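Below is one structure; the comments refer to it alone.
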Amino acid sequence: MKRTAMAVAIAAVTAAAAQAGTVTTDGADIVIKTKGGIEAKTADGTASFKLGGRIQLDYNGYDGVINSVPGEDGSDIFFRRARLEVKGHYHDWAYLMSYNLTDSGSIDQIHTTYQGWGDMAQLTFGQQKENFGLEDTGSSKWITAIERSLPASAFDTGNNVGAKLHGANDFVTYSVGVFKQDLDDENDLDTATTARLVVRPMYGDDGLIHLGVGYTTRDGEFTQLGSRLGVRGGDDGTAARIRGRYTGGAVADELEAWNGELAASFGPFHAMAEYFDGEISGANGAPDIEADGYYVQAGYILTGESRSYKTGIGAFDKVKPSGPGGAWEVFARYDELDVSDNNNLPPVQLIGDTGNTLTMGVNWYANELVKIAFNYVHAETDEEIGGEDDGDAIVGRIQFAF
């Protein structure tokens, strides 16, 4: 019903715009752009409005340990993401609203930012990305692999309501914020504090070197720490997971994690690596569950373009094709997540102990809006899950991002 109402509203606005004969304004002249979405801004730069979004249609085919049904192959075709986004600014205030059209519909981000102090001190209020980790801070539209790595997924902080102070210039990017994690049994607020610092010893036409560190601490109830094995596995995320989890109603009441980041880009070559370490602290005498992991990734753009980089968030961004045939990129990534240092006795249960994946892929950026990706994933676990300890997957995506 929500999606139907939104579709009707969008259609009505579009029809009204198509029949309008004259557009007038009582303020500054308006400049309208239609490249990569619909954008309108005043000629003096005091206000702007842009309508955009993303559609990601995925195919997953997988077997072995990746499938949550032992001994069977799995496959699915589904919309991984479908979002409608509105953003803009008025004088010193900016805003962003992003709505998920998939499933029953939900708000992805909705926030406002005060920019009056300059680029090095901006304050954002509302539901927003917390910025923990290089891969996770980058947009899902332009990460190199179709799915994020095992440790980045395990320690994903998500989008939450809160306040964040952040800033950037060519040398440094930082963010620190306090966010809502959950409500406890007494309906009292559980909070999270997340911070990230990135420095760039080299940034310019000659290349990029990126060094970063992040930290998050979170109050609330946690029952497990782990990740899928490199593949989502369908609409309901039915792929198997490597994880440590509590049984018998035991929970943790705190999560704490940190990470280190290293990245570089020189012409068509780019590389990145991260290490994560963290734990959930057991409540009422339950033991802690610890996990750590890392990934290393390298890519090369065969058609000669360079992957762009956003200093504002300290992360890689899109590849912009320089020719009519688009841009072609190849990459490889190895990642690992380890929960084997924990005991395997109630109330802690370990599934898979340690998991790793090798992901290789090719991306075709047909133009600035369309990306077509194919990934091959090979996964292994130290301990069997459902009688399997390895598996393979073919993953494909057609993306339109405007």
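So you can find residues: chains in the structure tokens are A, B, ... in the order shown, residues in each start at 1, and ligands are numbered from 1 in order.
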Show me, as number ranges by chain, the residues that have an atom within 10 Å of A:Ile385 when counting only C-alpha atoms, minus same-chain residues fewer than 2 positions from it.
A: 64-70, 240-242, 351-353, 381-383, 387-390
Using only C-alpha atoms, I'd like a table of the residues in stretch 288-374 of chain A that come within 9 Å of stretch 279-283 of chain A; for each, show the closest atom pair and its distance in Å rounded to one decimal, ordered by chain and ascending number, as CSV.
residue,atom,partner,partner_atom,distance
A:Asp288,CA,A:Ser281,CA,4.5
A:Ile289,CA,A:Ile280,CA,5.4
A:Glu290,CA,A:Glu279,CA,4.2
A:Ala291,CA,A:Glu279,CA,6.1
A:Asp292,CA,A:Glu279,CA,8.5
Proximity to A:Thr354 - best of A:Arg218, A:Phe266, A:Leu150, A:Glu329, only C-alpha atoms: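 Under the stated criterion, the closest residue is A:Leu150.
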Counting only C-alpha atoms, closest pick from A:His270, A:Arg54, A:Lys87, A:Lys41 relative to A:Phe402 is A:Arg54
Surrounding residues of A:Asp136 excluding itself and chain neighbours under 2 positions, 9 Å, only C-alpha atoms, as a list in words =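 Everything that qualifies: Asn131, Phe132, Gly133, Leu134, Gly138, Ser139, Ser140, Ile143, Arg148, Ala152, Ser153, Asp156, Thr157, Gly158 and Ala315 of chain A.
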Could you dump the residues just selected with N, CA and C atoms as a compact mmCIF listing (two decimals), in the first residue's frame?
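As a result, part_10.txt now contains:
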# COMPACT_ATOMS: atom_id res chain seq x y z
N ASN A 131 29.59 5.60 9.70
CA ASN A 131 30.96 5.71 9.20
C ASN A 131 31.94 4.93 10.07
N PHE A 132 31.95 3.60 9.88
CA PHE A 132 32.90 2.71 10.55
C PHE A 132 33.45 1.75 9.51
N GLY A 133 34.71 1.98 9.12
CA GLY A 133 35.33 1.13 8.12
C GLY A 133 35.29 1.72 6.73
N LEU A 134 36.32 1.47 5.96
CA LEU A 134 36.43 2.00 4.60
C LEU A 134 35.38 1.41 3.68
N GLY A 138 31.77 3.42 2.18
CA GLY A 138 31.50 3.62 0.76
C GLY A 138 30.09 3.19 0.39
N SER A 139 29.52 3.82 -0.63
CA SER A 139 28.16 3.51 -1.05
C SER A 139 28.07 2.11 -1.65
N SER A 140 26.94 1.43 -1.37
CA SER A 140 26.72 0.11 -1.97
C SER A 140 26.65 0.19 -3.49
N ILE A 143 30.86 0.11 -4.38
CA ILE A 143 31.87 -0.81 -3.86
C ILE A 143 32.25 -1.77 -5.00
N ARG A 148 29.82 -6.87 0.47
CA ARG A 148 30.96 -6.48 1.29
C ARG A 148 31.63 -7.70 1.92
N ALA A 152 33.71 -6.81 7.40
CA ALA A 152 32.96 -5.57 7.28
C ALA A 152 31.48 -5.82 7.54
N SER A 153 30.96 -6.96 7.08
CA SER A 153 29.56 -7.31 7.33
C SER A 153 29.33 -7.65 8.81
N ASP A 156 29.25 -4.38 10.82
CA ASP A 156 28.50 -3.29 10.20
C ASP A 156 27.69 -2.55 11.26
N THR A 157 27.85 -1.23 11.33
CA THR A 157 27.11 -0.43 12.31
C THR A 157 25.76 0.04 11.79
N GLY A 158 25.56 0.03 10.48
CA GLY A 158 24.26 0.36 9.91
C GLY A 158 23.96 1.84 9.93
N ALA A 315 36.33 7.61 1.21
CA ALA A 315 36.06 6.30 0.62
C ALA A 315 36.08 6.39 -0.90
**Request:** Name the residues of stretch 166-234 of chain A that fall into strand (DSSP E) according to DSSP on the backbone, using the chain letters and numbers of this document, as a PyMOL selection string.
**Result:** chain A and resi 166-168+172-183+189-204+207-222+224-228
Convert the current residue selection to file output with C-alpha atoms, as a compact mmCIF listing (two decimals), in the first residue's frame.
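To be explicit, this is the file written out as result12.txt:
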# COMPACT_ATOMS: atom_id res chain seq x y z
CA HIS A 166 32.35 15.42 10.75
CA GLY A 167 34.66 17.23 8.39
CA ALA A 168 37.23 16.84 5.65
CA VAL A 172 42.15 14.46 6.68
CA THR A 173 38.61 13.12 7.10
CA TYR A 174 37.02 12.55 10.51
CA SER A 175 33.67 11.77 12.08
CA VAL A 176 32.45 11.19 15.65
CA GLY A 177 28.86 10.63 16.66
CA VAL A 178 26.40 9.33 19.24
CA PHE A 179 23.49 7.22 18.00
CA LYS A 180 20.49 5.23 19.13
CA GLN A 181 21.29 1.52 19.25
CA ASP A 182 18.04 0.21 20.75
CA LEU A 183 15.64 0.41 23.70
CA LEU A 189 17.71 4.36 25.40
CA ASP A 190 20.72 2.20 24.52
CA THR A 191 23.35 4.26 22.72
CA ALA A 192 26.36 3.78 20.46
CA THR A 193 29.44 5.96 20.01
CA THR A 194 31.35 5.64 16.73
CA ALA A 195 34.44 7.51 15.53
CA ARG A 196 36.69 7.35 12.46
CA LEU A 197 39.85 9.17 11.38
CA VAL A 198 41.44 9.05 7.92
CA VAL A 199 44.64 10.74 6.72
CA ARG A 200 45.97 10.94 3.18
CA PRO A 201 49.78 11.35 3.00
CA MET A 202 49.37 11.46 -0.78
CA TYR A 203 46.34 12.77 -2.64
CA GLY A 204 46.43 14.30 -6.11
CA GLY A 207 47.90 8.98 -6.77
CA LEU A 208 46.29 8.32 -3.41
CA ILE A 209 47.46 6.78 -0.15
CA HIS A 210 44.76 6.35 2.50
CA LEU A 211 45.33 5.42 6.18
CA GLY A 212 42.45 5.12 8.62
CA VAL A 213 41.32 3.86 12.01
CA GLY A 214 37.84 3.47 13.52
CA TYR A 215 36.21 2.58 16.84
CA THR A 216 32.67 1.82 18.00
CA THR A 217 31.14 0.90 21.36
CA ARG A 218 27.46 -0.06 21.59
CA ASP A 219 25.08 -0.83 24.47
CA GLY A 220 22.13 -3.17 23.95
CA GLU A 221 21.23 -6.83 23.60
CA PHE A 222 23.36 -8.89 21.20
CA GLN A 224 25.54 -13.36 17.94
CA LEU A 225 28.59 -12.12 16.06
CA GLY A 226 29.19 -13.33 12.52
CA SER A 227 28.56 -12.95 8.80
CA ARG A 228 27.19 -14.66 5.71
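All residues of protein, DNA or RNA that reach within 7 Å of A:Leu57, judged by only C-alpha atoms and not counting those fewer than 6 positions away in the chain, are Phe78, Phe79, Arg80, Arg397, Ile398 and Gln399 of chain A.
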Restrict the calculation to only C-alpha atoms, then for each residue of stretch 142-244 of chain A with any atom at most 10 Å from an atom of stretch 368-378 of chain A give the closest atom pair and their distance in Å to one decimal, rows by chain and rising residue number, as JSON lines.
{"residue": "A:Trp142", "atom": "CA", "partner": "A:Lys371", "partner_atom": "CA", "distance": 8.9}
{"residue": "A:Thr144", "atom": "CA", "partner": "A:Ala373", "partner_atom": "CA", "distance": 9.1}
{"residue": "A:Ala145", "atom": "CA", "partner": "A:Asn375", "partner_atom": "CA", "distance": 7.2}
{"residue": "A:Ile146", "atom": "CA", "partner": "A:Asn375", "partner_atom": "CA", "distance": 7.1}
{"residue": "A:Glu147", "atom": "CA", "partner": "A:Asn375", "partner_atom": "CA", "distance": 9.3}
{"residue": "A:Leu229", "atom": "CA", "partner": "A:Val377", "partner_atom": "CA", "distance": 9.0}
{"residue": "A:Gly230", "atom": "CA", "partner": "A:Val377", "partner_atom": "CA", "distance": 7.0}
{"residue": "A:Val231", "atom": "CA", "partner": "A:Val377", "partner_atom": "CA", "distance": 7.9}
For A:Gly52, list every protein, DNA or RNA residue within 9 Å, evaluated using only C-alpha atoms, and leave out those in the same chain fewer than 3 positions away; present the list as a VMD selection string. chain A and resid 36 to 39 83 to 87 401 to 402
Point to revise | Which of A:Pro347, A:Gly312, A:Gly249, A:Pro268 sits closest to A:Pro287 [using only C-alpha atoms] | key: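 Closest candidate: A:Pro347.
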Can you tell me, as a PyMOL selection string, which residues in stretch 29-258 of chain A count as alpha helix (DSSP H) by DSSP? chain A and resi 134-137+150-154
Take the selection from the previous step and output its residues with C-alpha atoms, as an mmCIF file, in the first residue's frame.
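Okay, again-v2.cif is ready:
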data_model
loop_
_atom_site.group_PDB
_atom_site.id
_atom_site.type_symbol
_atom_site.label_atom_id
_atom_site.label_comp_id
_atom_site.auth_asym_id
_atom_site.auth_seq_id
_atom_site.Cartn_x
_atom_site.Cartn_y
_atom_site.Cartn_z
ATOM 1 C CA LEU A 134 36.429 2.002 4.601
ATOM 2 C CA GLU A 135 34.355 -0.564 2.715
ATOM 3 C CA ASP A 136 31.219 -0.009 4.786
ATOM 4 C CA THR A 137 31.408 3.795 4.553
ATOM 5 C CA LEU A 150 33.038 -10.994 5.880
ATOM 6 C CA PRO A 151 34.520 -8.769 8.634
ATOM 7 C CA ALA A 152 32.956 -5.568 7.278
ATOM 8 C CA SER A 153 29.561 -7.305 7.334
ATOM 9 C CA ALA A 154 30.127 -8.774 10.817
#
Which polymer residues have any atom within 12 Å of an atom of A:Asp44, counting only C-alpha atoms, with same-chain residues fewer than 5 positions away left out, as a PDB file with N, CA and C atoms, in the first residue's frame?
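The resulting file, part_32.pdb, is shown below:
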ATOM      1  N   GLY A  27      12.110  34.011  -6.972  1.00  0.00           N
ATOM      2  CA  GLY A  27      13.443  34.249  -6.425  1.00  0.00           C
ATOM      3  C   GLY A  27      14.481  34.258  -7.526  1.00  0.00           C
ATOM      4  N   ALA A  28      15.663  33.724  -7.209  1.00  0.00           N
ATOM      5  CA  ALA A  28      16.768  33.688  -8.172  1.00  0.00           C
ATOM      6  C   ALA A  28      16.441  32.759  -9.336  1.00  0.00           C
ATOM      7  N   ASP A  29      17.115  32.958 -10.472  1.00  0.00           N
ATOM      8  CA  ASP A  29      16.941  32.084 -11.627  1.00  0.00           C
ATOM      9  C   ASP A  29      17.282  30.646 -11.244  1.00  0.00           C
ATOM     10  N   ILE A  30      16.602  29.681 -11.891  1.00  0.00           N
ATOM     11  CA  ILE A  30      16.772  28.268 -11.589  1.00  0.00           C
ATOM     12  C   ILE A  30      17.464  27.568 -12.742  1.00  0.00           C
ATOM     13  N   VAL A  31      18.439  26.742 -12.429  1.00  0.00           N
ATOM     14  CA  VAL A  31      19.138  25.918 -13.409  1.00  0.00           C
ATOM     15  C   VAL A  31      18.679  24.472 -13.195  1.00  0.00           C
ATOM     16  N   TYR A  90      19.581  24.439   1.500  1.00  0.00           N
ATOM     17  CA  TYR A  90      19.100  25.812   1.494  1.00  0.00           C
ATOM     18  C   TYR A  90      20.015  26.617   2.399  1.00  0.00           C
ATOM     19  N   HIS A  91      20.769  27.538   1.798  1.00  0.00           N
ATOM     20  CA  HIS A  91      21.791  28.316   2.516  1.00  0.00           C
ATOM     21  C   HIS A  91      22.740  27.357   3.244  1.00  0.00           C
TER      22      HIS A  91
END
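The neighbours of A:Ser75 here are the residues that come within 9 Å of it, using only C-alpha atoms and leaving out any residue fewer than 2 positions away in the same chain; they are A:Tyr59, A:Asn60, A:Gly61, A:Tyr62, A:Asp63, A:Asp73, A:Ile77, A:Gly233, A:Gly234.
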For A:Val319, the closest of A:Phe276, A:Trp258, A:Lys141, A:Gln297 counting only C-alpha atoms is A:Lys141
Separating atom CA of A:Ala82 from atom CA of A:Ile107, to the nearest tenth of an Å, is a gap of 11.7 Å
Min atom-atom distance to A:Ala121 from the set A:Leu165, A:Leu345, A:Leu350, A:Met97, counting only C-alpha atoms, belongs to A:Leu165
